[in-house]
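Engineer: What follows is the file final.pdb, containing PDB, C-alpha atoms and all ligand atoms:
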```pdb
ATOM      1  CA  MET A   1      71.007 -69.558   3.881  1.00  0.00           C
ATOM      2  CA  LEU A   2      70.011 -65.924   4.040  1.00  0.00           C
ATOM      3  CA  GLU A   3      73.183 -63.888   4.101  1.00  0.00           C
ATOM      4  CA  HIS A   4      71.735 -60.416   4.101  1.00  0.00           C
ATOM      5  CA  MET A   5      68.462 -58.540   3.916  1.00  0.00           C
ATOM      6  CA  THR A   6      68.577 -54.900   2.915  1.00  0.00           C
ATOM      7  CA  GLU A   7      66.310 -52.141   4.214  1.00  0.00           C
ATOM      8  CA  ASP A   8      64.521 -51.935   0.843  1.00  0.00           C
ATOM      9  CA  GLY A   9      63.576 -55.633   1.092  1.00  0.00           C
ATOM     10  CA  THR A  10      66.148 -57.338  -1.120  1.00  0.00           C
ATOM     11  CA  LEU A  11      67.182 -60.812   0.007  1.00  0.00           C
ATOM     12  CA  HIS A  12      70.662 -62.153  -0.627  1.00  0.00           C
ATOM     13  CA  TRP A  13      71.084 -65.876  -0.092  1.00  0.00           C
ATOM     14  CA  ARG A  14      72.854 -69.048  -1.123  1.00  0.00           C
ATOM     15  CA  CYS A  15      71.384 -72.507  -1.624  1.00  0.00           C
ATOM     16  CA  HIS A  16      72.798 -75.514   0.268  1.00  0.00           C
ATOM     17  CA  ASN A  17      75.052 -76.345  -2.686  1.00  0.00           C
ATOM     18  CA  ALA A  18      78.332 -74.489  -2.194  1.00  0.00           C
ATOM     19  CA  ALA A  19      79.099 -74.681  -5.944  1.00  0.00           C
ATOM     20  CA  CYS A  20      76.056 -72.567  -6.862  1.00  0.00           C
ATOM     21  CA  ASP A  21      76.231 -68.813  -7.259  1.00  0.00           C
ATOM     22  CA  PRO A  22      74.749 -66.515  -4.637  1.00  0.00           C
ATOM     23  CA  MET A  23      71.226 -65.319  -5.439  1.00  0.00           C
ATOM     24  CA  SER A  24      69.129 -62.254  -4.736  1.00  0.00           C
ATOM     25  CA  ALA A  25      65.491 -61.281  -5.127  1.00  0.00           C
ATOM     26  CA  HIS A  26      63.169 -58.618  -3.794  1.00  0.00           C
ATOM     27  CA  ILE A  27      60.605 -59.612  -1.180  1.00  0.00           C
ATOM     28  CA  SER A  28      57.886 -58.783  -3.713  1.00  0.00           C
ATOM     29  CA  HIS A  29      59.047 -61.642  -6.016  1.00  0.00           C
ATOM     30  CA  PRO A  30      56.029 -63.981  -6.448  1.00  0.00           C
ATOM     31  CA  GLU A  31      58.055 -67.055  -5.403  1.00  0.00           C
ATOM     32  CA  VAL A  32      58.960 -65.482  -2.074  1.00  0.00           C
ATOM     33  CA  GLN A  33      56.096 -66.935  -0.069  1.00  0.00           C
ATOM     34  CA  HIS A  34      55.069 -69.180   2.797  1.00  0.00           C
ATOM     35  CA  PRO A  35      55.016 -72.809   1.651  1.00  0.00           C
ATOM     36  CA  PRO A  36      51.585 -74.478   1.495  1.00  0.00           C
ATOM     37  CA  THR A  37      50.458 -76.848   4.235  1.00  0.00           C
ATOM     38  CA  PRO A  38      48.649 -80.176   3.488  1.00  0.00           C
ATOM     39  CA  ASP A  39      45.335 -78.660   4.598  1.00  0.00           C
ATOM     40  CA  GLY A  40      45.568 -75.873   2.038  1.00  0.00           C
ATOM     41  CA  GLY A  41      46.844 -73.170   4.361  1.00  0.00           C
ATOM     42  CA  GLN A  42      50.230 -71.565   4.572  1.00  0.00           C
ATOM     43  CA  ASP A  43      53.074 -72.446   6.876  1.00  0.00           C
ATOM     44  CA  THR A  44      53.872 -69.009   8.274  1.00  0.00           C
ATOM     45  CA  ARG A  45      56.880 -70.392  10.161  1.00  0.00           C
ATOM     46  CA  LEU A  46      58.768 -70.796   6.873  1.00  0.00           C
ATOM     47  CA  VAL A  47      59.522 -68.687   3.822  1.00  0.00           C
ATOM     48  CA  ALA A  48      60.323 -70.328   0.478  1.00  0.00           C
ATOM     49  CA  LEU A  49      62.697 -68.434  -1.823  1.00  0.00           C
ATOM     50  CA  PRO A  50      62.869 -68.607  -5.635  1.00  0.00           C
ATOM     51  CA  LYS A  51      64.451 -71.809  -6.968  1.00  0.00           C
ATOM     52  CA  CYS A  52      68.191 -71.889  -7.521  1.00  0.00           C
ATOM     53  CA  PRO A  53      68.755 -71.590 -11.325  1.00  0.00           C
ATOM     54  CA  SER A  54      71.795 -73.873 -11.121  1.00  0.00           C
ATOM     55  CA  CYS A  55      70.598 -76.870  -9.076  1.00  0.00           C
ATOM     56  CA  GLY A  56      66.837 -76.284  -8.791  1.00  0.00           C
ATOM     57  CA  ALA A  57      66.826 -76.373  -5.003  1.00  0.00           C
ATOM     58  CA  THR A  58      64.350 -74.292  -3.044  1.00  0.00           C
ATOM     59  CA  THR A  59      65.731 -72.626   0.057  1.00  0.00           C
ATOM     60  CA  PHE A  60      63.390 -72.457   3.038  1.00  0.00           C
ATOM     61  CA  LEU A  61      64.069 -69.987   5.817  1.00  0.00           C
ATOM     62  CA  ASN A  62      62.791 -70.392   9.349  1.00  0.00           C
ATOM     63  CA  ILE A  63      61.016 -67.340  10.740  1.00  0.00           C
ATOM     64  CA  GLY A  64      58.865 -69.218  13.261  1.00  0.00           C
ATOM     65  CA  PHE A  65      60.507 -67.871  16.369  1.00  0.00           C
ATOM     66  CA  THR A  66      58.731 -68.146  19.697  1.00  0.00           C
ATOM     67  CA  PRO A  67      59.174 -65.779  22.646  1.00  0.00           C
ATOM     68  CA  GLU A  68      61.364 -68.488  24.182  1.00  0.00           C
ATOM     69  CA  HIS A  69      63.721 -68.372  21.200  1.00  0.00           C
ATOM     70  CA  LEU A  70      64.046 -64.616  21.552  1.00  0.00           C
ATOM     71  CA  ALA A  71      64.082 -64.161  25.327  1.00  0.00           C
ATOM     72  CA  GLU A  72      66.958 -62.007  26.507  1.00  0.00           C
ATOM     73  CA  PRO A  73      69.571 -63.878  28.508  1.00  0.00           C
ATOM     74  CA  THR A  74      70.202 -62.683  32.069  1.00  0.00           C
ATOM     75  CA  ILE A  75      73.700 -61.238  32.223  1.00  0.00           C
ATOM     76  CA  VAL A  76      75.383 -60.550  35.554  1.00  0.00           C
ATOM     77  CA  ARG A  77      78.470 -58.319  35.494  1.00  0.00           C
ATOM     78  CA  ASP A  78      81.178 -57.880  38.087  1.00  0.00           C
ATOM     79  CA  ALA A  79      82.381 -54.536  39.480  1.00  0.00           C
ATOM     80  CA  ASN A  80      84.716 -54.121  36.489  1.00  0.00           C
ATOM     81  CA  GLY A  81      81.908 -54.533  33.995  1.00  0.00           C
ATOM     82  CA  ASN A  82      83.048 -57.981  32.927  1.00  0.00           C
ATOM     83  CA  ILE A  83      80.456 -60.676  32.422  1.00  0.00           C
ATOM     84  CA  ALA A  84      80.365 -62.839  35.522  1.00  0.00           C
ATOM     85  CA  SER A  85      77.570 -65.156  34.519  1.00  0.00           C
ATOM     86  CA  VAL A  86      74.922 -65.680  31.871  1.00  0.00           C
ATOM     87  CA  THR A  87      71.617 -67.428  32.400  1.00  0.00           C
ATOM     88  CA  VAL A  88      70.048 -68.546  29.146  1.00  0.00           C
ATOM     89  CA  ASN A  89      66.287 -68.353  29.517  1.00  0.00           C
ATOM     90  CA  GLY A  90      64.878 -71.521  28.025  1.00  0.00           C
ATOM     91  CA  PRO A  91      66.350 -74.521  26.197  1.00  0.00           C
ATOM     92  CA  ALA A  92      65.405 -73.175  22.755  1.00  0.00           C
ATOM     93  CA  ASN A  93      66.934 -69.761  23.369  1.00  0.00           C
ATOM     94  CA  LEU A  94      68.925 -68.401  20.449  1.00  0.00           C
ATOM     95  CA  VAL A  95      71.981 -66.946  22.064  1.00  0.00           C
ATOM     96  CA  CYS A  96      75.696 -67.324  21.339  1.00  0.00           C
ATOM     97  CA  ILE A  97      78.043 -67.264  24.309  1.00  0.00           C
ATOM     98  CA  GLU A  98      81.672 -66.798  23.352  1.00  0.00           C
ATOM     99  CA  VAL A  99      84.256 -67.819  25.928  1.00  0.00           C
ATOM    100  CA  GLU A 100      88.007 -67.362  26.001  1.00  0.00           C
ATOM    101  CA  ASP A 101      90.791 -68.878  28.049  1.00  0.00           C
ATOM    102  CA  TYR A 102      93.359 -66.738  29.788  1.00  0.00           C
ATOM    103  CA  ASP A 103      96.095 -67.163  32.366  1.00  0.00           C
ATOM    104  CA  THR A 104      96.226 -65.515  35.746  1.00  0.00           C
ATOM    105  CA  LEU A 105      99.215 -65.609  38.049  1.00  0.00           C
ATOM    106  CA  VAL A 106      98.340 -67.159  41.371  1.00  0.00           C
ATOM    107  CA  GLU A 107     100.574 -66.922  44.372  1.00  0.00           C
ATOM    108  CA  ASP A 108     101.767 -70.292  45.515  1.00  0.00           C
ATOM    109  CA  ALA A 109     100.636 -70.392  49.151  1.00  0.00           C
ATOM    110  CA  HIS A 110     103.172 -73.035  50.118  1.00  0.00           C
ATOM    111  CA  MET A 111     106.092 -71.118  48.623  1.00  0.00           C
ATOM    112  CA  ALA A 112     104.872 -67.860  50.151  1.00  0.00           C
ATOM    113  CA  HIS A 113     104.798 -69.473  53.555  1.00  0.00           C
ATOM    114  CA  LEU A 114     108.306 -70.882  53.060  1.00  0.00           C
ATOM    115  CA  LYS A 115     109.564 -67.431  52.042  1.00  0.00           C
ATOM    116  CA  ARG A 116     108.098 -65.854  55.180  1.00  0.00           C
ATOM    117  CA  VAL A 117     109.800 -68.469  57.319  1.00  0.00           C
ATOM    118  CA  LEU A 118     113.159 -67.942  55.617  1.00  0.00           C
ATOM    119  CA  ASP A 119     112.774 -64.138  55.817  1.00  0.00           C
ATOM    120  CA  GLY A 120     112.054 -64.526  59.506  1.00  0.00           C
ATOM    121  CA  LEU A 121     115.315 -66.430  59.867  1.00  0.00           C
ATOM    122  CA  HIS A 122     117.035 -63.551  58.025  1.00  0.00           C
ATOM    123  CA  LEU A 123     118.312 -65.937  55.439  1.00  0.00           C
ATOM    124  CA  ASN A 124     118.801 -64.148  52.176  1.00  0.00           C
ATOM    125  CA  VAL A 125     117.511 -66.933  49.935  1.00  0.00           C
ATOM    126  CA  GLU A 126     115.930 -66.405  46.548  1.00  0.00           C
ATOM    127  CA  ILE A 127     112.821 -68.487  46.089  1.00  0.00           C
ATOM    128  CA  PRO A 128     111.738 -68.734  42.472  1.00  0.00           C
ATOM    129  CA  GLY A 129     108.309 -69.653  41.335  1.00  0.00           C
ATOM    130  CA  MET A 130     106.280 -67.805  43.936  1.00  0.00           C
ATOM    131  CA  TYR A 131     103.615 -67.349  41.320  1.00  0.00           C
ATOM    132  CA  HIS A 132     102.347 -69.834  38.815  1.00  0.00           C
ATOM    133  CA  PRO A 133      99.974 -69.379  35.923  1.00  0.00           C
ATOM    134  CA  VAL A 134      96.507 -70.838  36.224  1.00  0.00           C
ATOM    135  CA  GLN A 135      94.313 -71.143  33.180  1.00  0.00           C
ATOM    136  CA  GLN A 136      90.887 -69.595  33.623  1.00  0.00           C
ATOM    137  CA  ARG A 137      87.915 -69.172  31.378  1.00  0.00           C
ATOM    138  CA  ARG A 138      85.806 -66.079  30.970  1.00  0.00           C
ATOM    139  CA  ILE A 139      82.802 -65.056  28.909  1.00  0.00           C
ATOM    140  CA  LYS A 140      83.924 -62.749  26.138  1.00  0.00           C
ATOM    141  CA  SER A 141      80.561 -61.875  24.632  1.00  0.00           C
ATOM    142  CA  VAL A 142      76.881 -62.759  24.624  1.00  0.00           C
ATOM    143  CA  GLN A 143      75.039 -62.131  21.393  1.00  0.00           C
ATOM    144  CA  ARG A 144      72.376 -63.293  19.008  1.00  0.00           C
ATOM    145  CA  PRO A 145      73.532 -65.399  16.057  1.00  0.00           C
ATOM    146  CA  ALA A 146      74.305 -63.138  13.081  1.00  0.00           C
ATOM    147  CA  TRP A 147      71.625 -64.672  10.851  1.00  0.00           C
ATOM    148  CA  LEU A 148      68.828 -64.032  13.330  1.00  0.00           C
ATOM    149  CA  ALA A 149      68.561 -60.302  12.630  1.00  0.00           C
ATOM    150  CA  HIS A 150      68.090 -61.024   8.907  1.00  0.00           C
ATOM    151  CA  HIS A 151      65.403 -63.636   9.597  1.00  0.00           C
ATOM    152  CA  LEU A 152      63.547 -61.264  11.929  1.00  0.00           C
ATOM    153  CA  LYS A 153      63.764 -58.582   9.253  1.00  0.00           C
ATOM    154  CA  LEU A 154      62.332 -61.057   6.741  1.00  0.00           C
ATOM    155  CA  ARG A 155      59.436 -61.855   9.069  1.00  0.00           C
ATOM    156  CA  GLU A 156      58.700 -58.151   9.443  1.00  0.00           C
ATOM    157  CA  MET A 157      58.919 -57.608   5.667  1.00  0.00           C
ATOM    158  CA  MET A 158      56.601 -60.561   4.927  1.00  0.00           C
ATOM    159  CA  GLN A 159      53.981 -58.845   7.061  1.00  0.00           C
ATOM    160  CA  ALA A 160      54.674 -55.390   5.648  1.00  0.00           C
ATOM    161  CA  HIS A 161      54.231 -56.721   2.087  1.00  0.00           C
ATOM    162  CA  GLY A 162      51.003 -58.501   2.941  1.00  0.00           C
ATOM    163  CA  LYS A 163      52.467 -61.950   2.333  1.00  0.00           C
ATOM    164  CA  THR A 164      51.738 -63.232   5.814  1.00  0.00           C
ATOM    165  CA  PRO A 165      48.000 -63.803   6.323  1.00  0.00           C
ATOM    166  CA  GLU A 166      46.401 -61.986   9.238  1.00  0.00           C
ATOM    167  CA  GLU A 167      45.986 -65.126  11.389  1.00  0.00           C
ATOM    168  CA  GLY A 168      49.667 -65.942  10.994  1.00  0.00           C
ATOM    169  CA  ARG A 169      50.715 -62.663  12.495  1.00  0.00           C
ATOM    170  CA  GLY A 170      51.889 -62.825  15.999  1.00  0.00           C
ATOM    171  CA  THR A 171      54.764 -62.012  18.239  1.00  0.00           C
TER     172      THR A 171
HETATM  173 ZN    ZN B 201      71.861 -74.314  -6.059  1.00  0.00          ZN
END
```
Please lay out the structure from this file as structure tokens.
Ligand SMILES: [Zn+2]
Structural biologist:
Amino acid sequence: MLEHMTEDGTLHWRCHNAACDPMSAHISHPEVQHPPTPDGGQDTRLVALPKCPSCGATTFLNIGFTPEHLAEPTIVRDANGNIASVTVNGPANLVCIEVEDYDTLVEDAHMAHLKRVLDGLHLNVEIPGMYHPVQQRRIKSVQRPAWLAHHLKLREMMQAHGKTPEEGRGT
């Protein structure tokens, strides 16, 4: 997986084998290229990286994102600026929604009613447990997966370095 891509075009990645050392290479490395297709073209949706010196594996990175993958989610916020709802635009959309659970204290309507009745009778009775915690769930954050920015950068760099053929360039 691609862990980082620097502004000067250096890729830092690891192969699928956790025992292997991390690797790095500049985008201009001759083995950084689109893999060939059976018909003699290039698969511009993928980028092959130089072989791992330890295990010989080639890492392929996906850069074939469609507008649907990248569409912004629709975020609705409440008056306090908290996220009230998120609509993910499309089934392939690359978005990470982080939720968290929290407790709110909710007044127990039955106990509140009982207290009002007893107060009305001028009985000085303590009623415990007027409030009880209710677990709720809220959206903490909406963001792109961390790796996506690096893959988009790689796609941009492949074009900037002339490695992506003209017909493979698109949005
Ligand atoms: Zn390896």
Engineer: Given the PyMOL selection byres (((not hetatm)) within 10 of (chain B and resi 201)) and the file above, list the residues it selects as number ranges by chain.
Structural biologist: A: 14-23, 51-59
Engineer: Could you list, as a ChimeraX atom specification, every residue within 10 Å of Gly64 of chain A, counting only C-alpha atoms and ignoring same-chain residues fewer than 4 positions away?
Structural biologist: /A:43-47,69,151-152,155,170-171
Engineer: Starting from the shown file, work through the PyMOL selection byres (((chain A and resi 49) around 6) and not hetatm) and note down what comes out as number ranges by chain.
Structural biologist: A: 32, 48, 50, 59
Engineer: Since I can't run it myself right now, could you work out what the PyMOL selection byres (((chain A and resi 149) around 12) and not hetatm) selects here and report it as a tab-separated table (two decimals) with C-alpha atoms, in the frame of the given file?
Structural biologist:
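Contents of the output file result-v2.tsv:
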```tsv
chain	number	residue	atom	x	y	z
A	2	LEU	CA	70.01	-65.92	4.04
A	3	GLU	CA	73.18	-63.89	4.10
A	4	HIS	CA	71.74	-60.42	4.10
A	5	MET	CA	68.46	-58.54	3.92
A	6	THR	CA	68.58	-54.90	2.92
A	7	GLU	CA	66.31	-52.14	4.21
A	63	ILE	CA	61.02	-67.34	10.74
A	65	PHE	CA	60.51	-67.87	16.37
A	70	LEU	CA	64.05	-64.62	21.55
A	94	LEU	CA	68.92	-68.40	20.45
A	143	GLN	CA	75.04	-62.13	21.39
A	144	ARG	CA	72.38	-63.29	19.01
A	145	PRO	CA	73.53	-65.40	16.06
A	146	ALA	CA	74.31	-63.14	13.08
A	147	TRP	CA	71.62	-64.67	10.85
A	148	LEU	CA	68.83	-64.03	13.33
A	150	HIS	CA	68.09	-61.02	8.91
A	151	HIS	CA	65.40	-63.64	9.60
A	152	LEU	CA	63.55	-61.26	11.93
A	153	LYS	CA	63.76	-58.58	9.25
A	154	LEU	CA	62.33	-61.06	6.74
A	155	ARG	CA	59.44	-61.86	9.07
A	156	GLU	CA	58.70	-58.15	9.44
```
Engineer: Draw an axis-aligned box over all listed atoms of segment 47-56 of chain A, pad each side with 3 Å, and write its centre and edge lengths in Å, one decimal, as JSON.
Structural biologist:
```
{"center_x": 65.7, "center_y": -72.7, "center_z": -3.8, "size_x": 18.3, "size_y": 14.4, "size_z": 21.1}
```
Engineer: Work out how far atom CA of Asn62 of chain A is from atom CA of Glu98 of chain A, in Å to one decimal.
Structural biologist: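 Atom CA of Asn62 of chain A lies 23.8 Å from atom CA of Glu98 of chain A.
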Engineer: Using only C-alpha atoms for the distances, tell me which of A:Leu105, A:Asp39, A:Gly162, A:His113 is nearest to Val134 of chain A.
Structural biologist: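 Smallest distance to Val134 of chain A is found for A:Leu105.
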Engineer: Quick one, how far is atom CA of Tyr102 of chain A from atom CA of Pro133 of chain A?
Structural biologist: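 Going from atom CA of Tyr102 of chain A over to atom CA of Pro133 of chain A, I get 9.4 Å.
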Engineer: Which neighbours of Asn82 of chain A fall inside 12 Å, counting only C-alpha atoms, when residues of the same chain fewer than 2 positions from it are skipped, and could you give them as a ChimeraX atom specification?
Structural biologist: /A:75-80,84-86,138-142
Engineer: With only C-alpha atoms as the counted atoms, please give the residues lying no more than 12 Å from Arg116 of chain A, apart from itself and same-chain residues fewer than 6 positions off, as number ranges by chain.
Structural biologist: A: 109-110, 122-127, 130
Engineer: What separation in Å, quoted to one decimal, exists between atom CA of Gly40 of chain A and atom CA of Met158 of chain A?
Structural biologist: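 Taking atom CA of Gly40 of chain A and atom CA of Met158 of chain A, their separation equals 19.1 Å.
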Engineer: Considering only C-alpha atoms, can you say which of A:Val88, A:Leu114, A:Ile97, A:Met1 comes closest to Glu72 of chain A?
Structural biologist: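 The shortest atom-to-atom distance to Glu72 of chain A comes from A:Val88.
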